[in-house]
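J.: Following this message is one structure expressed as structure tokens.
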Amino acid sequence: MQRINRRDFLIYGTGTLATMLTLTGCLPKDIKTQAYVSEVNMPNIDFLECDYLIHKGLIIDGTNSQPFEGDIAIKGDRIIKIARSIAGKNCEIIDARGKIVSPGFIDIHTHTEDYMVHNGRSEMMLLQGVTAQIGGNCGNSKVKIGSVLDNLNGMGINYGMFSGYREIRRSVVGNANLRPNGAQMQAMLDMLQENLQAGAFGFSVALEYWPQSFATTDEIVELSYLLAEYGGFLSVHVRDEGDRVIPAVEEIIEIGFRAKVPVQYSHIKAAHRKNWGKMEKILELLSEARDSGLDIKADVYGYNFSSNDLGDSSYCSISDEDLEMALTHPQVMIASDSGLKVNGAAIHPRAYGNYPRIIAQYARNKSLLSIETLIHKMTAMPASRLGLADRGRLLEGYKADIAVFDLNNINDEATRQQTTLYSKGVQSVFVNGNLAVNNGIVTGTPTGEVLRNSTKG
């Protein structure tokens with residue numbers, strides 16, 4: 001029998017059908033994957049042209065729905081079909097049997113601006129399954145982000161930004177503890193508006209850090225009013241994560257209600273041992289605010305030590321119990337709070353390991369959360385917060401940002417001592433329909449896109 005080229009084979013049906021065809025002479029016996037059939041022998045099948053076909057993975061679509069085994073066809077930058085079985089023509093096959101197929105993870109809180117501008121290859125993110133990040137958090141961004149976004153290129157992942165308060169205030173008021181006058185407030189509003197028009201997803205502020213700590217509640221409320229016009233939201237590092245964390249959380253809830261804008265509470269925690277146990281009250285405040293009509297959510301990373309703890313090789317400022325309580329709360333999503341230098345150096349291992357660590361620790365090892373709930377917190381939940389209408393879910397017509405990983409073997413490797421070790425267990429990653437990780441190896445294809453907020457209030 002003439003050998004049929006792999007390109008001329010098509011995914012169809014089950015191993016039983018393929019075995020039957022092999023026995024009847026319709027399928028070459030040296031094909032290792034018993035799921036290919038020839039178009040010439042199946043004339044009544046409707047075959048789907050695609051670029052890639054992810055075959056027989058456990059599909060977890062990001063919506064917290066029940067997983068199912070199936071196929072996903074990709075053409076161009078989009079998912080064109082999801083089904084239990086797809087007969088694909090001229091597709092490159094990604095064998096996902098025994099693996100989980102999920103949307104690529106969306107990291108809503110990072111500090112990777114300089115890296116993305118000057119480097120951007122993103123190997124450490126891709127090997128975690130991350131396909132998108134948002135920078136400019138904790139008030140740290142350029143004064144004008146439009147020019148930054150316009151000149152981003154060569155990125156391995158998708159990237160967007162917030163407009164940060166720190167540089168806006170510095171450029172208008174300086175570093176002094178002064179209350180801005182009317183003209184200065186208008187100048188800051190004009191700068192924020194320009195950044196929102198350029199595609200910023202919202203306004204970020206870190207009320208704990210100098211000189212942002214000089215801001216009054218009233219000042220942040222006045223600046224935040226502008227967000228509603230552009231469908232943006234307020235991302236806040238609260239004024240105190242330690243002894244006064246409860247009034248600090250109450251302050252951001254007040255800002256949200258007064259300005260009538262959504263609030264994202266960044267890297268939620270109750271820091272230092274004497275404050276452990278306050279997480280229950282913090283989460284009660286979030287639930288009460290939600291029930292009273294405020295759109296407030298939070299994000300958390302998967303470590304019990306922060307970047308401020310790194311001077312002591314063993315000190316952990318965050319309670320494991322508090323961390324787990326936050327992870328399970330329905331208003332809390334996953335983010336990394338990661339930072340990178342231009343060359344990819346990181347002071348905290350979360351930049352290289354946050355997502356595999358959380359999956360391994362809390363879905364696989366501890367069963368604290370189901371894998372579909374955890375993936376929802378990493379994908380559809382941040383996508384919804386950002387207003388990304390075609391990312392964060394595995395749905396037909398959506399962008400093909402996809403991660404394929406082995407739940408049994410996914411692990412973080414980075415530690416306090418060795419912060420830049422790549423994670424393991426991610427087999428394949430697609431970014432905008434392009435294969436960015438193939439068999440655990442980063443391909444180097446720079447297919448990331450600039451993300452901009454396109455919603456309007």
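Convention: chains lettered A, B, ... in structure tokens order; per-chain residue numbering from 1; ligands numbered from 1 as shown.
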How would you write, as a ChimeraX atom specification, the set of residues in region 30-269 of chain A that DSSP gives as strand (DSSP E or B)?
T.: /A:36-38,48-49,52-59,68-75,78-83,88-89,92-95,100-103,105-107,110-111,130-135,158-161,163-164,202-206,233-237,263-265
J.: Residues near region 51-62 of chain A, anyone? I mean within 6 Å using only C-alpha atoms, not counting same-chain ones fewer than 4 positions away, as a list in words.
T.: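 Listed by chain and then number, they are Pro67, Phe68, Glu69, Gly70, Asp71, Ile72, Ala73, Ile74, Lys75, Cys91, Glu92, Ile93, Ile94, Asp95, Ala96, Arg97, Lys99, Ile100, Val101, Ser102, Ile375, His376, Thr379, Ala380, Arg393 and Leu394 of chain A.
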J.: Which residues are close to Ile358 (chain A), i.e. within 9 Å by only C-alpha atoms, leaving aside same-chain residues fewer than 6 positions away? Reply as a VMD selection string.
T.: chain A and resid 301 to 303 334 374 411 to 412
J.: Using Å and a single decimal, report how far CA of Phe430 (chain A) sits from CA of Glu123 (chain A).
T.: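 CA of Phe430 (chain A) lies at a distance of 12.9 Å from CA of Glu123 (chain A).
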J.: Choose the residue, out of A:Met333, A:Val143, A:Ala200, A:Ala248, that has the smallest atom-to-atom separation from Ser384 (chain A); count only C-alpha atoms.
T.: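 The closest residue to Ser384 (chain A) is A:Met333.
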J.: Excluding Val238 (chain A) and its own-chain neighbours fewer than 4 positions away, which residues fall within 8 Å of it when counting only C-alpha atoms? Please give them as a PyMOL selection string.
T.: chain A and resi 206-208+245+248-249+252+265-266
J.: Please return as a PyMOL selection string: the residues of region 25-271 of chain A that backbone DSSP assigns to alpha helix (DSSP H).
T.: chain A and resi 113-118+123-126+146-150+165-172+182-197+217-224+227-230+245-259
J.: By how many Å are CA of Cys138 (chain A) and CA of Glu241 (chain A) apart?
T.: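 Between CA of Cys138 (chain A) and CA of Glu241 (chain A) the gap is 13.3 Å.
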J.: With a distance cut-off of 9 Å and only C-alpha atoms, select the neighbouring residues of region 217-232 of chain A, excluding the residue or stretch itself and same-chain residues fewer than 2 positions from it, and output the selection as a PyMOL selection string.
T.: chain A and resi 179-180+185+188-189+192-193+196-197+200-203+205+215+234+251-252+254-256+258-262+386-387+453-457
J.: Take the residues from that selection and write them out as an mmCIF file, in the first residue's frame, keeping C-alpha atoms.
T.:
```cif
data_model
loop_
_atom_site.group_PDB
_atom_site.id
_atom_site.type_symbol
_atom_site.label_atom_id
_atom_site.label_comp_id
_atom_site.auth_asym_id
_atom_site.auth_seq_id
_atom_site.Cartn_x
_atom_site.Cartn_y
_atom_site.Cartn_z
ATOM 1 C CA ARG A 179 -2.616 68.992 48.386
ATOM 2 C CA PRO A 180 -3.057 69.817 44.679
ATOM 3 C CA MET A 185 -5.935 68.646 39.789
ATOM 4 C CA MET A 188 -3.639 65.428 36.495
ATOM 5 C CA LEU A 189 -7.115 64.729 35.158
ATOM 6 C CA LEU A 192 -5.182 60.510 33.086
ATOM 7 C CA GLN A 193 -7.752 61.175 30.371
ATOM 8 C CA LEU A 196 -7.416 56.323 29.095
ATOM 9 C CA GLN A 197 -7.998 57.499 25.524
ATOM 10 C CA ALA A 200 -5.235 52.247 29.568
ATOM 11 C CA PHE A 201 -7.438 49.745 31.364
ATOM 12 C CA GLY A 202 -7.828 52.039 34.326
ATOM 13 C CA PHE A 203 -6.065 54.021 37.007
ATOM 14 C CA VAL A 205 -2.489 53.757 42.777
ATOM 15 C CA ALA A 215 -2.918 61.515 48.420
ATOM 16 C CA LEU A 234 -9.429 51.589 39.877
ATOM 17 C CA GLU A 251 -11.149 53.413 52.406
ATOM 18 C CA ILE A 252 -11.014 51.813 48.960
ATOM 19 C CA GLU A 254 -15.564 54.259 50.137
ATOM 20 C CA ILE A 255 -13.677 55.474 47.047
ATOM 21 C CA GLY A 256 -15.492 52.967 44.852
ATOM 22 C CA ARG A 258 -18.280 57.690 45.956
ATOM 23 C CA ALA A 259 -16.716 57.656 42.488
ATOM 24 C CA LYS A 260 -19.145 54.968 41.244
ATOM 25 C CA VAL A 261 -16.336 52.933 39.681
ATOM 26 C CA PRO A 262 -15.237 49.286 39.892
ATOM 27 C CA LEU A 386 -10.475 43.931 31.815
ATOM 28 C CA GLY A 387 -13.378 43.916 29.370
ATOM 29 C CA ASN A 453 -9.229 49.046 26.725
ATOM 30 C CA SER A 454 -11.886 49.580 24.099
ATOM 31 C CA THR A 455 -14.939 49.829 26.356
ATOM 32 C CA LYS A 456 -16.793 53.044 27.092
ATOM 33 C CA GLY A 457 -19.011 53.800 30.028
#
```
J.: Which of these residues is nearest to Ser313 (chain A), using only C-alpha atoms: A:Ala351, A:Gln418, A:Asp291, A:Leu369?
T.: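 Between A:Ala351, A:Gln418, A:Asp291, A:Leu369, the residue approaching Ser313 (chain A) most closely is A:Gln418.
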J.: One decimal, in Å: what's the spacing between CA of Ser423 (chain A) and CA of Tyr352 (chain A)?
T.: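 Interatomic distance, CA of Ser423 (chain A) to CA of Tyr352 (chain A): 6.6 Å.
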J.: Give the answer as one residue: which of A:Asp299, A:Asp337, A:Glu396, A:Glu280 has the shortest atom-to-atom distance to Asp322 (chain A), using only C-alpha atoms?
T.: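 Of the candidates, the smallest distance to Asp322 (chain A) is held by A:Glu280.
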J.: Determine the nearest neighbour of His329 (chain A) from the options A:Ala414, A:Leu149, A:Met279, A:Ala363, counting only C-alpha atoms.
T.: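 Smallest distance to His329 (chain A) is found for A:Met279.
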